[in-house]
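Enquirer: Contents of structure-v1.txt (compact mmCIF, C-alpha atoms) are below:
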```
# COMPACT_ATOMS: atom_id res chain seq x y z
CA MET A 242 50.82 102.27 -166.79
CA LYS A 243 49.71 100.18 -163.85
CA LEU A 244 51.07 96.66 -163.38
CA HIS A 245 49.07 94.37 -161.14
CA GLY A 246 51.33 91.59 -159.96
CA TYR A 247 53.06 89.78 -157.13
CA PHE A 248 56.74 89.90 -156.35
CA ARG A 249 57.22 86.12 -156.53
CA SER A 250 55.18 85.63 -159.70
CA SER A 251 57.50 84.68 -162.55
CA ALA A 252 54.92 85.89 -165.07
CA SER A 253 54.95 89.30 -163.36
CA PHE A 254 58.76 89.14 -163.32
CA ARG A 255 58.73 88.74 -167.12
CA VAL A 256 56.58 91.80 -167.61
CA ARG A 257 58.69 93.89 -165.23
CA ILE A 258 61.78 92.99 -167.27
CA ALA A 259 60.01 93.94 -170.50
CA LEU A 260 58.88 97.30 -169.12
CA ASN A 261 62.36 98.02 -167.80
CA LEU A 262 64.06 97.12 -171.09
CA LYS A 263 61.75 99.59 -172.84
CA GLN A 264 62.41 102.16 -170.09
CA ILE A 265 58.69 102.53 -169.40
CA ASP A 266 57.61 104.01 -166.08
CA TYR A 267 54.81 102.13 -164.33
CA THR A 268 53.09 101.84 -160.98
CA SER A 269 53.15 98.47 -159.22
CA ILE A 270 49.95 97.24 -157.57
CA ALA A 271 50.54 94.12 -155.48
CA HIS A 272 48.12 91.25 -154.99
CA HIS A 273 49.35 88.68 -152.47
CA LEU A 274 48.73 85.31 -154.10
CA ARG A 275 49.19 83.30 -150.91
CA ARG A 276 46.42 85.36 -149.29
CA ASN A 277 44.17 84.91 -152.35
CA GLU A 278 43.96 88.65 -152.96
CA GLN A 279 43.81 87.86 -156.68
CA ARG A 280 40.40 86.26 -156.04
CA SER A 281 38.81 89.45 -154.70
CA PRO A 282 35.72 90.64 -156.61
CA ASP A 283 37.43 93.86 -157.63
CA TYR A 284 40.40 92.05 -159.10
CA LEU A 285 38.22 89.49 -160.86
CA THR A 286 36.61 92.33 -162.77
CA LEU A 287 40.09 93.01 -164.23
CA ASN A 288 40.93 89.37 -164.87
CA PRO A 289 38.21 86.73 -164.40
CA GLN A 290 40.92 84.06 -164.26
CA GLY A 291 42.27 85.58 -161.07
CA PHE A 292 45.83 85.49 -162.38
CA VAL A 293 48.64 88.02 -162.33
CA PRO A 294 49.94 89.99 -164.10
CA VAL A 295 47.45 92.46 -165.48
CA LEU A 296 48.66 95.59 -167.25
CA ASP A 297 46.42 98.67 -167.39
CA ASP A 298 47.65 101.09 -170.05
CA GLU A 299 45.28 104.05 -169.74
CA GLY A 300 42.21 101.83 -169.93
CA ASP A 301 43.60 99.05 -172.12
CA VAL A 302 43.45 96.19 -169.60
CA LEU A 303 45.63 93.27 -170.65
CA SER A 304 46.20 89.84 -169.17
CA GLN A 305 48.55 86.90 -169.89
CA SER A 306 52.22 87.83 -169.68
CA MET A 307 53.13 86.84 -173.21
CA ALA A 308 50.30 88.89 -174.69
CA ILE A 309 51.31 91.82 -172.49
CA ILE A 310 54.95 91.60 -173.59
CA GLU A 311 53.88 91.40 -177.24
CA TYR A 312 51.71 94.49 -176.71
CA ILE A 313 54.61 96.35 -175.10
CA ASP A 314 56.87 95.42 -178.01
CA GLU A 315 54.32 96.47 -180.63
CA THR A 316 53.45 99.79 -179.02
CA ARG A 317 57.01 100.68 -178.01
CA PRO A 318 59.09 99.04 -180.75
CA SER A 319 62.57 100.08 -179.60
CA PRO A 320 64.55 98.15 -178.57
CA PRO A 321 62.86 95.16 -180.24
CA PHE A 322 62.32 91.90 -178.39
CA LEU A 323 62.38 89.82 -181.59
CA PRO A 324 65.00 89.64 -184.38
CA GLY A 325 64.26 90.69 -187.92
CA HIS A 326 64.40 87.38 -189.82
CA PRO A 327 61.21 85.25 -189.67
CA GLY A 328 63.18 82.08 -188.93
CA ASP A 329 65.03 83.79 -186.12
CA ARG A 330 61.79 85.17 -184.71
CA ALA A 331 60.34 81.68 -184.73
CA ARG A 332 63.41 80.39 -182.89
CA VAL A 333 63.12 83.03 -180.17
CA ARG A 334 59.38 82.44 -179.79
CA ALA A 335 59.96 78.69 -179.50
CA LEU A 336 62.52 79.19 -176.73
CA ALA A 337 60.16 81.53 -174.89
CA GLN A 338 57.24 79.13 -175.25
CA LEU A 339 59.34 76.21 -174.03
CA ILE A 340 59.47 78.03 -170.70
CA CYS A 341 56.06 79.69 -170.65
CA CYS A 342 53.97 76.86 -172.09
CA ASP A 343 55.80 73.68 -171.08
CA VAL A 344 57.72 74.38 -167.85
CA HIS A 345 56.15 77.21 -165.88
CA PRO A 346 52.51 76.00 -165.91
CA LEU A 347 53.52 72.80 -164.12
CA ASN A 348 55.29 74.69 -161.36
CA ASN A 349 53.17 77.69 -160.53
CA LEU A 350 51.60 78.26 -157.12
CA ARG A 351 48.14 76.90 -157.87
CA VAL A 352 49.60 73.58 -159.06
CA LEU A 353 51.86 73.28 -156.02
CA ARG A 354 48.91 74.08 -153.74
CA TYR A 355 46.82 71.39 -155.45
CA LEU A 356 49.59 68.85 -154.98
CA HIS A 357 49.83 69.70 -151.29
CA ASP A 358 46.28 70.53 -150.24
CA LEU A 359 44.17 68.14 -152.33
CA LEU A 360 46.56 65.34 -153.23
CA GLY A 361 48.34 65.30 -149.87
CA GLN A 362 51.89 65.44 -151.20
CA ASP A 363 54.62 66.41 -148.74
CA GLU A 364 57.35 68.97 -149.35
CA ALA A 365 59.85 66.35 -150.55
CA ALA A 366 57.43 65.10 -153.20
CA ILE A 367 56.58 68.63 -154.29
CA ALA A 368 60.28 69.50 -154.59
CA SER A 369 60.81 66.38 -156.70
CA TRP A 370 57.91 67.34 -158.97
CA TYR A 371 59.13 70.94 -159.25
CA ASN A 372 62.71 70.09 -160.14
CA HIS A 373 61.77 67.24 -162.49
CA TRP A 374 59.79 69.47 -164.84
CA ILE A 375 62.23 72.37 -164.72
CA ALA A 376 65.17 70.02 -165.39
CA GLU A 377 63.36 68.46 -168.33
CA GLY A 378 62.75 71.88 -169.86
CA PHE A 379 66.24 73.20 -169.12
CA THR A 380 67.83 70.11 -170.68
CA ALA A 381 66.02 70.80 -173.94
CA PHE A 382 66.70 74.54 -173.75
CA GLU A 383 70.42 73.95 -173.18
CA ALA A 384 70.58 71.66 -176.21
CA LEU A 385 68.85 74.27 -178.36
CA VAL A 386 71.19 77.14 -177.48
CA ALA A 387 74.53 75.52 -176.64
CA ASP A 388 75.75 74.79 -180.17
CA ASP A 389 73.67 77.24 -182.20
CA ASP A 390 75.66 80.00 -183.88
CA ARG A 391 72.76 82.39 -183.31
CA THR A 392 73.30 82.20 -179.56
CA GLY A 393 75.46 85.07 -178.39
CA THR A 394 75.82 86.80 -175.07
CA PHE A 395 72.08 86.21 -174.76
CA CYS A 396 69.71 83.57 -176.09
CA HIS A 397 69.77 85.13 -179.54
CA GLY A 398 72.61 87.46 -180.38
CA ASP A 399 74.14 90.07 -178.14
CA THR A 400 71.06 91.98 -177.02
CA PRO A 401 68.43 90.62 -174.63
CA GLY A 402 65.07 89.69 -176.08
CA LEU A 403 61.92 87.68 -175.57
CA ALA A 404 63.66 84.38 -174.81
CA ASP A 405 65.83 85.98 -172.11
CA ILE A 406 62.79 87.72 -170.62
CA CYS A 407 61.19 84.29 -170.14
CA LEU A 408 64.28 82.32 -169.16
CA VAL A 409 65.58 84.51 -166.34
CA PRO A 410 62.52 84.26 -164.05
CA GLN A 411 62.44 80.49 -164.47
CA ILE A 412 66.09 80.16 -163.48
CA ALA A 413 65.45 82.44 -160.51
CA ASN A 414 62.50 80.23 -159.53
CA SER A 415 64.61 77.08 -159.85
CA GLN A 416 66.64 78.34 -156.91
CA ASN A 417 63.59 77.89 -154.65
CA TYR A 418 64.25 74.15 -154.57
CA ALA A 419 68.01 74.36 -155.14
CA LEU A 420 68.01 72.82 -158.61
CA ASP A 421 71.56 71.96 -159.68
CA LEU A 422 72.36 74.23 -162.62
CA ALA A 423 75.70 72.60 -163.43
CA PRO A 424 74.23 70.61 -166.36
CA TYR A 425 73.14 73.87 -168.00
CA PRO A 426 76.29 75.98 -168.48
CA THR A 427 74.93 78.00 -171.40
CA LEU A 428 71.74 78.87 -169.55
CA SER A 429 73.76 79.82 -166.48
CA ARG A 430 76.05 82.04 -168.56
CA ILE A 431 73.06 83.77 -170.19
CA PHE A 432 71.39 84.25 -166.81
CA ASP A 433 74.55 85.83 -165.40
CA ALA A 434 74.81 88.16 -168.41
CA CYS A 435 71.19 89.23 -168.02
CA MET A 436 71.59 89.87 -164.33
CA GLN A 437 74.40 92.33 -165.05
CA LEU A 438 71.78 94.61 -166.65
CA GLU A 439 69.80 97.10 -164.60
CA ALA A 440 66.54 96.17 -166.34
CA PHE A 441 66.80 92.62 -165.02
CA GLN A 442 68.15 93.64 -161.63
CA ARG A 443 65.30 96.07 -160.94
CA ALA A 444 62.74 93.45 -161.99
CA HIS A 445 64.03 90.83 -159.52
CA PRO A 446 61.49 89.75 -156.88
CA LYS A 447 63.75 90.88 -154.04
CA ARG A 448 63.68 94.44 -155.40
CA GLN A 449 59.87 94.77 -155.43
CA PRO A 450 57.90 96.92 -152.98
CA ASP A 451 55.86 93.91 -151.80
CA ALA A 452 58.88 91.62 -151.31
CA GLU A 453 58.89 89.63 -148.09
```
As structure tokens - that is how I would like this structure written.
Expert:
Amino acid sequence: MKLHGYFRSSASFRVRIALNLKQIDYTSIAHHLRRNEQRSPDYLTLNPQGFVPVLDDEGDVLSQSMAIIEYIDETRPSPPFLPGHPGDRARVRALAQLICCDVHPLNNLRVLRYLHDLLGQDEAAIASWYNHWIAEGFTAFEALVADDDRTGTFCHGDTPGLADICLVPQIANSQNYALDLAPYPTLSRIFDACMQLEAFQRAHPKRQPDAE
């Protein structure tokens, strides 16, 4: 497998965690987003959106992190990323989508660049924007997991799954603007539990070959 990504990309971070949890060997191919390497003609043939990550599995070229993670889980089913009961699977998917659909898109690099370059917002305004949307999402996430009996060591039970794969990169990103995590004790506990595992540790941006 070849994973096209960028060390700071939280979507790439998710896929690295998923590959590590499945113990799948892969080759990392870095595309520096701040240098617009993802807009090169060669890369746009892989993904016309010019986004990372892209996973190339012997000619199956896949984009969008959630679709990639679902593909990994379907083709390498052990250990599973989703629980067995349909209601529980829906819960885990909802937690994952809270991050991937509602929080992360408002805080990725292209949005922050637009705020700065085209709308003329300064760093203080951008930090306020960034933390506002993460805090709104984390407040809801905390409420959903704090008092639910299905929450265990991780977001759902005592093995990491799809929700943890999505949550951990967002918490790591929240540290970029020093978001206060005190209001989210359950999320912080889950993050700490995840980061005790080698699969999450090896996926961290600081551990990537292109880290700066």
Enquirer: Taking (57.5, 102.1, -165.9) in the file's own coordinates, collect the residues within 12 Å, counting all atoms listed in the file, and hand them back as number ranges by chain.
Expert: A: 242-244, 256-269, 296-298, 313, 440, 443-444
Enquirer: Hey, which of A:His326, A:Arg275, A:Arg334, A:His373 ends up closest to Arg354 of chain A? Count only C-alpha atoms.
Expert: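 Looking only at the distances to Arg354 of chain A, the closest residue turns out to be A:Arg275.
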Enquirer: For Leu403 of chain A, list every protein, DNA or RNA residue within 8 Å, evaluated using all atoms listed in the file, and leave out those in the same chain fewer than 2 positions away; present the list as a PyMOL selection string.
Expert: chain A and resi 322-323+333-334+337+401+405-407
Enquirer: If I take atom CA of His445 of chain A and atom CA of Pro318 of chain A, how far is one from the other in Å, to one decimal?
Expert: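 Atom-to-atom, atom CA of His445 of chain A to atom CA of Pro318 of chain A, that is 23.3 Å.
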Enquirer: Neighbours of Leu303 of chain A within 10 Å (only C-alpha atoms; same-chain residues fewer than 3 positions away dropped), as a PDB file with C-alpha atoms, in the coordinates of the input?
Expert:
```pdb
ATOM      1  CA  LEU A 244      51.070  96.660-163.380  1.00  0.00           C
ATOM      2  CA  LEU A 287      40.090  93.010-164.230  1.00  0.00           C
ATOM      3  CA  ASN A 288      40.930  89.370-164.870  1.00  0.00           C
ATOM      4  CA  PRO A 294      49.940  89.990-164.100  1.00  0.00           C
ATOM      5  CA  VAL A 295      47.450  92.460-165.480  1.00  0.00           C
ATOM      6  CA  LEU A 296      48.660  95.590-167.250  1.00  0.00           C
ATOM      7  CA  ASP A 297      46.420  98.670-167.390  1.00  0.00           C
ATOM      8  CA  ASP A 298      47.650 101.090-170.050  1.00  0.00           C
ATOM      9  CA  GLY A 300      42.210 101.830-169.930  1.00  0.00           C
ATOM     10  CA  SER A 306      52.220  87.830-169.680  1.00  0.00           C
ATOM     11  CA  ALA A 308      50.300  88.890-174.690  1.00  0.00           C
ATOM     12  CA  ILE A 309      51.310  91.820-172.490  1.00  0.00           C
ATOM     13  CA  ILE A 310      54.950  91.600-173.590  1.00  0.00           C
ATOM     14  CA  TYR A 312      51.710  94.490-176.710  1.00  0.00           C
TER      15      TYR A 312
END
```
Enquirer: Find the residues with any atom within 12 Å of (49.9, 84.2, -149.2); use all atoms listed in the file and the coordinates as given in the file, and write the answer as an mmCIF file with C-alpha atoms, in the coordinates of the input.
Expert:
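Heads up, here's the output in result-v1.cif:
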```cif
data_model
loop_
_atom_site.group_PDB
_atom_site.id
_atom_site.type_symbol
_atom_site.label_atom_id
_atom_site.label_comp_id
_atom_site.auth_asym_id
_atom_site.auth_seq_id
_atom_site.Cartn_x
_atom_site.Cartn_y
_atom_site.Cartn_z
ATOM 1 C CA TYR A 247 53.060 89.780 -157.130
ATOM 2 C CA PHE A 248 56.740 89.900 -156.350
ATOM 3 C CA ARG A 249 57.220 86.120 -156.530
ATOM 4 C CA SER A 250 55.180 85.630 -159.700
ATOM 5 C CA ALA A 271 50.540 94.120 -155.480
ATOM 6 C CA HIS A 272 48.120 91.250 -154.990
ATOM 7 C CA HIS A 273 49.350 88.680 -152.470
ATOM 8 C CA LEU A 274 48.730 85.310 -154.100
ATOM 9 C CA ARG A 275 49.190 83.300 -150.910
ATOM 10 C CA ARG A 276 46.420 85.360 -149.290
ATOM 11 C CA ASN A 277 44.170 84.910 -152.350
ATOM 12 C CA GLU A 278 43.960 88.650 -152.960
ATOM 13 C CA GLN A 279 43.810 87.860 -156.680
ATOM 14 C CA ARG A 280 40.400 86.260 -156.040
ATOM 15 C CA LEU A 350 51.600 78.260 -157.120
ATOM 16 C CA ARG A 351 48.140 76.900 -157.870
ATOM 17 C CA ARG A 354 48.910 74.080 -153.740
ATOM 18 C CA ASP A 451 55.860 93.910 -151.800
ATOM 19 C CA ALA A 452 58.880 91.620 -151.310
ATOM 20 C CA GLU A 453 58.890 89.630 -148.090
#
```
Enquirer: Can you tell me which residues surround Leu353 of chain A at a distance of at most 10 Å, considering all atoms listed in the file, apart from same-chain residues fewer than 4 positions away, and format the answer as number ranges by chain?
Expert: A: 347-349, 357-360, 362, 364, 367-368, 370-371
Enquirer: When you look at segment 390-393 of chain A with a cut-off of 12 Å (counting all atoms listed in the file), what residues show up, excluding the ones that are within fewer than 2 positions of it in the same chain? I need them as number ranges by chain.
Expert: A: 324, 326, 328-330, 332-333, 336, 382-388, 395-402, 404-405, 427-428, 430-431, 434-435
